[in-house]
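Have a look at upload_2.tsv below; it lists TSV, C-alpha atoms.
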chain	number	residue	atom	x	y	z
A	1	MET	CA	-5.51	-15.70	1.33
A	2	GLY	CA	-4.75	-16.44	4.98
A	3	LYS	CA	-6.96	-15.85	8.02
A	4	ILE	CA	-7.41	-12.25	9.07
A	5	ARG	CA	-8.40	-11.34	12.62
A	6	LEU	CA	-11.32	-8.92	12.53
A	7	GLY	CA	-11.19	-8.16	16.20
A	8	GLU	CA	-11.79	-9.20	19.77
A	9	ILE	CA	-14.60	-8.47	22.20
A	10	ARG	CA	-13.82	-8.71	25.90
A	11	TYR	CA	-16.56	-8.44	28.44
A	12	SER	CA	-16.81	-8.93	32.17
A	13	GLY	CA	-20.21	-8.89	33.82
A	14	VAL	CA	-23.64	-10.42	33.40
A	15	PHE	CA	-24.50	-11.86	30.00
A	16	ASP	CA	-26.82	-14.37	28.36
A	17	TRP	CA	-24.71	-17.25	27.03
A	18	ASP	CA	-27.72	-18.83	25.34
A	19	ALA	CA	-28.37	-15.60	23.43
A	20	ILE	CA	-24.72	-15.39	22.31
A	21	TYR	CA	-24.82	-18.97	21.06
A	22	LYS	CA	-28.15	-18.56	19.27
A	23	THR	CA	-27.27	-15.18	17.78
A	24	THR	CA	-24.04	-16.52	16.28
A	25	THR	CA	-25.57	-19.66	14.80
A	26	LYS	CA	-28.68	-17.86	13.54
A	27	TRP	CA	-26.66	-15.02	12.03
A	28	LEU	CA	-24.44	-17.45	10.11
A	29	SER	CA	-27.26	-19.70	8.94
A	30	ASP	CA	-29.43	-16.72	7.87
A	31	ARG	CA	-26.62	-15.71	5.53
A	32	ALA	CA	-26.36	-19.18	3.99
A	33	TYR	CA	-23.20	-20.18	5.84
A	34	ARG	CA	-22.80	-23.89	6.53
A	35	ILE	CA	-22.12	-24.18	10.22
A	36	HIS	CA	-19.54	-26.45	11.70
A	37	GLU	CA	-19.20	-26.54	15.47
A	38	LYS	CA	-15.54	-27.42	15.67
A	39	SER	CA	-15.33	-27.80	19.43
A	40	TYR	CA	-17.21	-27.15	22.65
A	41	LYS	CA	-15.30	-27.56	25.90
A	42	HIS	CA	-17.05	-27.20	29.21
A	43	LYS	CA	-15.06	-27.74	32.40
A	44	ILE	CA	-15.19	-26.84	36.05
A	45	SER	CA	-12.29	-24.58	36.74
A	46	GLY	CA	-11.74	-22.58	39.92
A	47	PRO	CA	-14.72	-20.55	41.16
A	48	GLY	CA	-16.85	-21.23	38.10
A	49	ILE	CA	-17.05	-22.94	34.74
A	50	GLU	CA	-14.70	-22.49	31.82
A	51	VAL	CA	-16.14	-22.74	28.33
A	52	GLU	CA	-14.34	-22.76	25.00
A	53	TRP	CA	-16.43	-22.74	21.87
A	54	ASN	CA	-15.28	-22.81	18.26
A	55	MET	CA	-17.83	-22.23	15.53
A	56	ASP	CA	-16.91	-22.06	11.85
A	57	GLY	CA	-19.14	-20.97	8.99
A	58	TYR	CA	-18.44	-21.62	5.30
A	59	ARG	CA	-20.24	-20.18	2.33
A	60	ARG	CA	-19.65	-20.73	-1.40
A	61	HIS	CA	-19.90	-17.13	-2.48
A	62	THR	CA	-19.26	-17.92	-6.17
A	63	GLU	CA	-18.10	-21.01	-8.06
A	64	TYR	CA	-14.55	-19.85	-7.48
A	65	VAL	CA	-14.59	-18.19	-4.05
A	66	MET	CA	-15.54	-19.49	-0.62
A	67	PHE	CA	-16.00	-17.29	2.46
A	68	SER	CA	-15.18	-18.54	5.94
A	69	VAL	CA	-16.01	-16.97	9.29
A	70	PHE	CA	-14.39	-18.35	12.46
A	71	VAL	CA	-15.86	-17.50	15.85
A	72	PHE	CA	-14.01	-18.42	19.02
A	73	VAL	CA	-15.60	-17.79	22.40
A	74	HIS	CA	-13.76	-18.32	25.65
A	75	ILE	CA	-15.49	-17.83	28.99
A	76	TRP	CA	-13.89	-17.91	32.42
A	77	ASP	CA	-15.39	-18.10	35.94
A	78	MET	CA	-18.90	-18.52	34.59
A	79	THR	CA	-21.61	-18.81	37.27
A	80	THR	CA	-25.40	-18.71	37.01
A	81	VAL	CA	-27.11	-15.68	38.52
A	82	GLU	CA	-30.70	-14.61	38.80
A	83	ILE	CA	-31.59	-11.07	37.86
A	84	ILE	CA	-34.84	-9.18	37.93
A	85	LYS	CA	-35.62	-7.42	34.69
A	86	ASP	CA	-38.96	-5.69	33.98
A	87	GLY	CA	-40.39	-7.27	37.12
A	88	LYS	CA	-39.54	-10.82	35.97
A	89	LYS	CA	-36.78	-13.15	37.13
A	90	HIS	CA	-34.25	-14.21	34.50
A	91	LYS	CA	-31.44	-16.72	34.77
A	92	MET	CA	-28.28	-15.35	33.27
A	93	GLU	CA	-24.58	-15.97	33.49
A	94	LYS	CA	-21.84	-13.94	35.08
A	95	GLY	CA	-18.19	-14.15	34.20
A	96	ARG	CA	-15.47	-12.95	31.87
A	97	LEU	CA	-15.56	-13.65	28.19
A	98	SER	CA	-13.57	-13.11	25.04
A	99	ILE	CA	-14.98	-13.43	21.52
A	100	ILE	CA	-12.59	-13.52	18.58
A	101	ILE	CA	-13.76	-13.37	14.98
A	102	ASP	CA	-11.47	-14.34	12.11
A	103	ILE	CA	-12.32	-14.35	8.41
A	104	GLU	CA	-10.82	-15.94	5.36
A	105	TYR	CA	-11.61	-16.32	1.70
A	106	LYS	CA	-10.39	-19.13	-0.49
A	107	THR	CA	-10.20	-19.21	-4.26
A	108	ASP	CA	-10.65	-22.42	-6.23
A	109	TYR	CA	-12.08	-24.20	-3.19
A	110	SER	CA	-13.18	-27.22	-5.26
A	111	GLY	CA	-9.61	-27.83	-6.45
A	112	GLU	CA	-10.30	-27.61	-10.16
A	113	PHE	CA	-6.92	-26.09	-10.99
A	114	LYS	CA	-4.81	-29.20	-10.44
A	115	GLY	CA	-1.42	-29.84	-11.95
A	116	PRO	CA	1.61	-27.58	-12.37
A	117	PHE	CA	0.27	-25.78	-15.47
A	118	ASN	CA	-3.18	-25.18	-13.94
A	119	GLU	CA	-1.63	-23.93	-10.71
A	120	LYS	CA	0.36	-21.34	-12.65
A	121	LEU	CA	-2.82	-20.42	-14.50
A	122	LYS	CA	-4.62	-19.97	-11.17
A	123	ASN	CA	-1.81	-17.77	-9.79
A	124	PHE	CA	-1.91	-15.68	-12.94
A	125	LEU	CA	-5.69	-15.40	-12.68
A	126	ASP	CA	-5.58	-14.42	-8.98
A	127	LYS	CA	-2.70	-11.97	-9.16
A	128	LYS	CA	-2.79	-10.48	-12.65
A	129	VAL	CA	-6.27	-10.83	-14.13
A	130	LEU	CA	-8.12	-10.32	-10.85
A	131	GLY	CA	-5.40	-7.88	-9.84
A	132	GLY	CA	-3.96	-9.27	-6.61
A	133	GLU	CA	-5.30	-8.54	-3.15
A	134	ARG	CA	-6.48	-5.04	-3.92
A	135	GLU	CA	-8.66	-6.01	-6.87
A	136	GLU	CA	-9.86	-9.15	-5.20
A	137	GLY	CA	-10.91	-6.89	-2.37
A	138	PHE	CA	-12.91	-4.90	-4.85
A	139	PHE	CA	-14.85	-8.00	-5.86
A	140	TRP	CA	-15.07	-10.06	-2.68
A	141	TRP	CA	-13.02	-8.81	0.24
A	142	ASP	CA	-15.22	-5.87	1.20
A	143	THR	CA	-18.33	-8.08	1.27
A	144	LEU	CA	-16.74	-10.59	3.63
A	145	TYR	CA	-14.92	-7.98	5.72
A	146	TYR	CA	-17.95	-5.82	6.47
A	147	GLU	CA	-20.23	-8.83	6.84
A	148	GLY	CA	-17.88	-10.04	9.56
A	149	TYR	CA	-18.12	-6.66	11.28
A	150	ARG	CA	-21.91	-6.88	11.26
A	151	LEU	CA	-21.63	-10.12	13.24
A	152	PHE	CA	-19.18	-8.31	15.53
A	153	ASN	CA	-21.81	-5.60	16.19
A	154	GLU	CA	-24.61	-8.11	16.69
A	155	LEU	CA	-22.62	-9.85	19.42
A	156	LYS	CA	-21.90	-6.50	21.08
A	157	LYS	CA	-25.66	-5.79	21.06
A	158	VAL	CA	-26.37	-9.15	22.74
A	159	LEU	CA	-23.87	-8.20	25.45
A	160	ASN	CA	-25.49	-4.76	25.77
A	161	MET	CA	-22.17	-3.07	25.23
A	162	GLU	CA	-21.99	0.71	24.94
A	163	THR	CA	-20.11	0.49	21.62
A	164	ALA	CA	-22.70	-1.69	19.87
A	165	THR	CA	-23.13	0.65	16.93
A	166	SER	CA	-21.43	1.35	13.63
A	167	ALA	CA	-21.32	4.04	11.01
A	168	TYR	CA	-20.37	1.56	8.29
B	1	MET	CA	6.90	-7.81	5.72
B	2	VAL	CA	5.49	-4.30	5.65
B	3	GLU	CA	7.79	-1.34	6.27
B	4	THR	CA	6.26	0.92	8.93
B	5	LYS	CA	7.09	4.52	9.71
B	6	LEU	CA	5.75	6.28	12.80
B	7	ILE	CA	4.44	9.73	11.89
B	8	ILE	CA	2.56	10.78	15.02
B	9	ASP	CA	3.27	9.36	18.46
B	10	LYS	CA	0.60	9.43	21.20
B	11	LEU	CA	-1.40	12.53	20.43
B	12	THR	CA	-3.54	12.70	23.57
B	13	VAL	CA	-7.01	13.83	24.52
B	14	LEU	CA	-7.82	13.80	28.24
B	15	TYR	CA	-11.26	14.55	29.55
B	16	ASP	CA	-13.02	14.18	32.88
B	17	GLY	CA	-16.71	14.92	33.06
B	18	ILE	CA	-20.02	14.21	31.44
B	19	PHE	CA	-20.23	12.52	28.07
B	20	GLU	CA	-21.99	9.62	26.32
B	21	VAL	CA	-19.97	6.56	25.41
B	22	LYS	CA	-22.26	5.61	22.54
B	23	GLU	CA	-22.07	9.05	20.98
B	24	LEU	CA	-18.29	9.22	21.41
B	25	TYR	CA	-17.92	5.89	19.63
B	26	LYS	CA	-20.31	7.04	16.87
B	27	THR	CA	-18.27	10.22	16.49
B	28	LEU	CA	-15.04	8.27	16.03
B	29	ASP	CA	-16.61	5.71	13.72
B	30	GLY	CA	-18.41	8.40	11.73
B	31	TRP	CA	-15.20	10.38	11.26
B	32	PHE	CA	-13.37	7.30	9.96
B	33	LYS	CA	-16.14	6.55	7.50
B	34	ASP	CA	-16.41	10.16	6.29
B	35	ASN	CA	-12.66	10.30	5.70
B	36	SER	CA	-12.61	7.04	3.70
B	37	TYR	CA	-10.87	4.93	6.32
B	38	GLU	CA	-11.57	1.19	6.36
B	39	ARG	CA	-12.90	-0.14	9.62
B	40	LYS	CA	-10.68	-2.18	11.90
B	41	GLU	CA	-11.56	-2.72	15.52
B	42	ARG	CA	-8.78	-4.63	17.22
B	43	LEU	CA	-10.30	-4.69	20.69
B	44	SER	CA	-13.56	-3.71	22.31
B	45	SER	CA	-13.50	-4.38	26.03
B	46	GLU	CA	-16.07	-3.63	28.72
B	47	LEU	CA	-15.73	-4.42	32.40
B	48	VAL	CA	-19.01	-3.99	34.25
B	49	ARG	CA	-18.74	-3.37	37.97
B	50	GLU	CA	-21.52	-2.76	40.47
B	51	SER	CA	-21.41	1.00	40.27
B	52	SER	CA	-19.32	1.79	37.20
B	53	LYS	CA	-17.86	0.51	33.93
B	54	GLU	CA	-14.38	0.44	32.48
B	55	ILE	CA	-14.29	0.53	28.70
B	56	GLU	CA	-11.31	0.12	26.43
B	57	LEU	CA	-11.27	0.40	22.64
B	58	ILE	CA	-8.42	-0.10	20.23
B	59	LEU	CA	-9.35	1.00	16.74
B	60	GLU	CA	-6.92	0.63	13.83
B	61	PRO	CA	-8.56	2.14	10.77
B	62	TRP	CA	-6.47	2.30	7.61
B	63	ARG	CA	-6.62	3.98	4.25
B	64	GLY	CA	-4.70	3.05	1.12
B	65	PHE	CA	-2.94	5.80	-0.82
B	66	SER	CA	-1.82	3.45	-3.57
B	67	ASP	CA	-0.92	-0.21	-4.01
B	68	TYR	CA	2.43	0.61	-2.39
B	69	ALA	CA	1.54	2.74	0.63
B	70	ARG	CA	-1.23	3.19	3.15
B	71	THR	CA	-1.85	5.06	6.36
B	72	ARG	CA	-2.85	3.34	9.56
B	73	LEU	CA	-4.13	5.07	12.68
B	74	VAL	CA	-4.13	3.41	16.09
B	75	VAL	CA	-6.72	5.04	18.32
B	76	ARG	CA	-6.81	3.79	21.88
B	77	ALA	CA	-9.69	5.04	24.03
B	78	ILE	CA	-9.75	4.20	27.75
B	79	MET	CA	-12.82	5.19	29.73
B	80	LYS	CA	-12.63	4.75	33.48
B	81	GLY	CA	-15.25	5.02	36.19
B	82	VAL	CA	-18.13	5.43	33.74
B	83	LYS	CA	-21.35	5.96	35.72
B	84	GLU	CA	-24.89	6.79	34.71
B	85	VAL	CA	-25.94	10.31	35.75
B	86	GLU	CA	-29.00	12.44	35.22
B	87	VAL	CA	-28.33	15.92	33.96
B	88	GLU	CA	-30.72	18.82	33.64
B	89	LYS	CA	-30.23	21.21	30.75
B	90	GLU	CA	-32.65	24.03	30.00
B	91	GLY	CA	-35.28	22.35	32.14
B	92	VAL	CA	-34.94	19.00	30.33
B	93	LYS	CA	-33.62	15.97	32.20
B	94	MET	CA	-31.27	13.74	30.24
B	95	LYS	CA	-29.54	10.49	31.06
B	96	MET	CA	-25.84	10.69	30.40
B	97	GLN	CA	-22.61	9.19	31.67
B	98	LYS	CA	-19.77	10.56	33.67
B	99	GLY	CA	-16.19	9.41	33.81
B	100	LYS	CA	-12.61	9.87	32.70
B	101	VAL	CA	-11.66	9.53	29.06
B	102	GLU	CA	-8.13	9.09	27.75
B	103	ILE	CA	-7.64	8.88	23.99
B	104	TYR	CA	-4.25	8.23	22.45
B	105	ILE	CA	-3.73	8.52	18.70
B	106	ASP	CA	-0.76	7.10	16.80
B	107	ALA	CA	-0.33	7.33	13.04
B	108	PHE	CA	1.82	5.17	10.79
B	109	ILE	CA	2.58	4.90	7.12
B	110	ASP	CA	2.99	1.35	5.84
B	111	THR	CA	4.87	0.88	2.59
B	112	ASP	CA	5.43	-2.16	0.41
B	113	ILE	CA	2.15	-3.60	1.66
B	114	GLU	CA	2.26	-6.64	-0.59
B	115	GLY	CA	5.84	-7.44	0.35
B	116	ARG	CA	7.05	-7.53	-3.24
B	117	TRP	CA	10.24	-5.57	-2.62
B	118	GLU	CA	11.77	-7.67	0.10
B	119	THR	CA	12.03	-11.06	-1.57
B	120	ARG	CA	15.67	-10.43	-2.48
B	121	PRO	CA	18.41	-8.19	-0.98
B	122	LEU	CA	18.79	-6.36	-4.29
B	123	TYR	CA	15.07	-5.48	-4.40
B	124	PHE	CA	15.23	-4.28	-0.79
B	125	PHE	CA	18.24	-2.10	-1.62
B	126	ILE	CA	16.53	-0.60	-4.68
B	127	ARG	CA	13.38	0.02	-2.69
B	128	THR	CA	15.26	1.82	0.09
B	129	LEU	CA	17.05	4.08	-2.43
B	130	VAL	CA	13.84	4.82	-4.32
B	131	ASP	CA	11.91	5.55	-1.10
B	132	LYS	CA	14.59	7.87	0.21
B	133	TYR	CA	15.55	9.82	-2.93
B	134	ILE	CA	13.21	9.29	-5.86
B	135	TYR	CA	9.86	8.68	-4.17
B	136	LYS	CA	10.44	11.38	-1.53
B	137	PHE	CA	7.89	13.71	-3.13
B	138	TYR	CA	5.13	11.14	-2.62
B	139	SER	CA	6.31	10.13	0.86
B	140	ASP	CA	6.26	13.76	2.00
B	141	ARG	CA	2.81	14.22	0.51
B	142	TYR	CA	1.51	11.14	2.33
B	143	GLU	CA	3.02	12.34	5.61
B	144	LYS	CA	1.36	15.74	5.23
B	145	GLN	CA	-1.96	14.04	4.54
B	146	VAL	CA	-1.61	11.81	7.62
B	147	LYS	CA	-0.72	14.77	9.86
B	148	LYS	CA	-3.68	16.71	8.47
B	149	ASP	CA	-6.02	13.76	9.12
B	150	VAL	CA	-4.83	13.23	12.68
B	151	THR	CA	-5.04	16.95	13.53
B	152	ASN	CA	-8.55	16.96	12.12
B	153	LEU	CA	-9.50	13.88	14.17
B	154	HIS	CA	-7.99	15.36	17.33
B	155	SER	CA	-9.99	18.62	16.90
B	156	HIS	CA	-13.12	16.64	16.09
B	157	ILE	CA	-12.86	14.63	19.33
B	158	LYS	CA	-12.12	17.72	21.41
B	159	SER	CA	-15.05	19.64	19.89
B	160	PHE	CA	-17.35	16.71	20.56
B	161	LEU	CA	-16.31	16.43	24.22
B	162	ASN	CA	-16.59	20.20	24.69
B	163	LEU	CA	-20.27	19.99	23.76
B	164	TYR	CA	-20.85	18.28	27.11
B	165	ARG	CA	-19.34	21.09	29.14
B	166	PHE	CA	-22.42	22.82	30.55

File written out as structure tokens:
Amino acid sequence: MGKIRLGEIRYSGVFDWDAIYKTTTKWLSDRAYRIHEKSYKHKISGPGIEVEWNMDGYRRHTEYVMFSVFVFVHIWDMTTVEIIKDGKKHKMEKGRLSIIIDIEYKTDYSGEFKGPFNEKLKNFLDKKVLGGEREEGFFWWDTLYYEGYRLFNELKKVLNMETATSAY
Amino acid sequence: MVETKLIIDKLTVLYDGIFEVKELYKTLDGWFKDNSYERKERLSSELVRESSKEIELILEPWRGFSDYARTRLVVRAIMKGVKEVEVEKEGVKMKMQKGKVEIYIDAFIDTDIEGRWETRPLYFFIRTLVDKYIYKFYSDRYEKQVKKDVTNLHSHIKSFLNLYRF
């Protein structure tokens, strides 16, 4: 199944970039995802710094299915600011950011079903025995989908957003 | 590709006054969960200014009727000039927010979700005839259900915001 975009968070204001980074990596590693930092770009652009960060997490959910979570963070006009919180000075960042989370699951990730006959067997297994996307969702999709949304909420909490809550 | 039909176009809720962003979001999210909609949050945006916030949400929850059709709502909530205020009610001081809220609700029915009936022109033709003449009973039933859901959601949001009118 292809990548699905869970959603996008856009925020403009004061935030803690270190907390966003640590929350994402800790959240993925706590759930047994293997982390792969695909890219980290840091450049001086205009009035501040521009950062692009790509973090992927992979987890072998079963012998047949692998879950992937892709986090892309893009920050513009980032500057360091000092704020006073609870009587103490804290260094934080100010700027505009966008966080995009995509998810994907892959069947037969180890490539066991090789050859024309085995490929047809795999298609039959995925679509007829396991029932196509709806039934696969019953077994795996919901787990990955709502797990992704938990990460979404955690990042909103780090940013202190008003909508950092969920009924699900 | 999925076939989409627009059932409700921009059903609006406008409000200007005291409310709580967190509770409004919980209300929306809670309603979707209670009515068996799957969560989909396309955009959650917050712009923090010195004295106020601008918040924009685009929620696209969906619910499957069958393996052929599903309903999809697009709820866009725009909150402007959101400021913290202190309100006194029955002698008790409470921290709330004040601002303008605009909520727009669209509802769609998506059919042929898995794209099985568009691989050949003949299948597309058969699907169109079946949808229009044979499957009409189910299509009408789905449309009624969607309209009922959206009316319910609209009333729910209005009742929630009316609680803050004191």

Extract, using only C-alpha atoms, all DNA, RNA and protein residues at most 12 Å from Val69 in chain A, discarding same-chain residues fewer than 6 positions from it, and format them as a PyMOL selection string. chain A and resi 3-6+24-25+27-29+31-37+54-60+100-106+144-152

Would you give me, as an NGL selection string, the residues of chain B that come within 8 Å of chain A, using all atoms listed in the file? :B and (21-22 or 25-26 or 29-30 or 33 or 39-49 or 67)

Output as AutoDock Vina command-line options the centre and edge lengths (Å, one decimal) of the box along x, y and z of the file that holds every listed atom of range 50-67 of chain B after adding 3 Å on each side.
--center_x -11.2 --center_y 1.5 --center_z 18.2 --size_x 26.6 --size_y 14.6 --size_z 50.5

Using only C-alpha atoms, I'd like a table of the residues in range 37-128 of chain B that come within 6 Å of range 1-10 of chain B; for each, show the closest atom pair and its distance in Å rounded to one decimal, ordered by chain and ascending number, as CSV.
residue,atom,partner,partner_atom,distance
B:Tyr104,CA,B:Lys10,CA,5.2
B:Ile105,CA,B:Lys10,CA,5.1
B:Asp106,CA,B:Asp9,CA,4.9
B:Ala107,CA,B:Ile8,CA,4.9
B:Phe108,CA,B:Leu6,CA,4.6
B:Ile109,CA,B:Lys5,CA,5.2
B:Asp110,CA,B:Thr4,CA,4.5
B:Thr111,CA,B:Glu3,CA,5.2
B:Asp112,CA,B:Val2,CA,5.7
B:Ile113,CA,B:Val2,CA,5.3
B:Gly115,CA,B:Met1,CA,5.5

Excluding Lys95 in chain B and its own-chain neighbours fewer than 2 positions away, which residues fall within 9 Å of it when counting all atoms listed in the file? Please give them as JSON, numbers by chain. {"B": [20, 84, 85, 86, 87, 88, 93, 97]}

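Between CA of Val146 in chain B and CA of Phe124 in chain B there is a distance of 24.8 Å.
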
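The interatomic distance for the pair CA of Thr128 in chain B and CA of Val150 in chain B works out to 26.3 Å.
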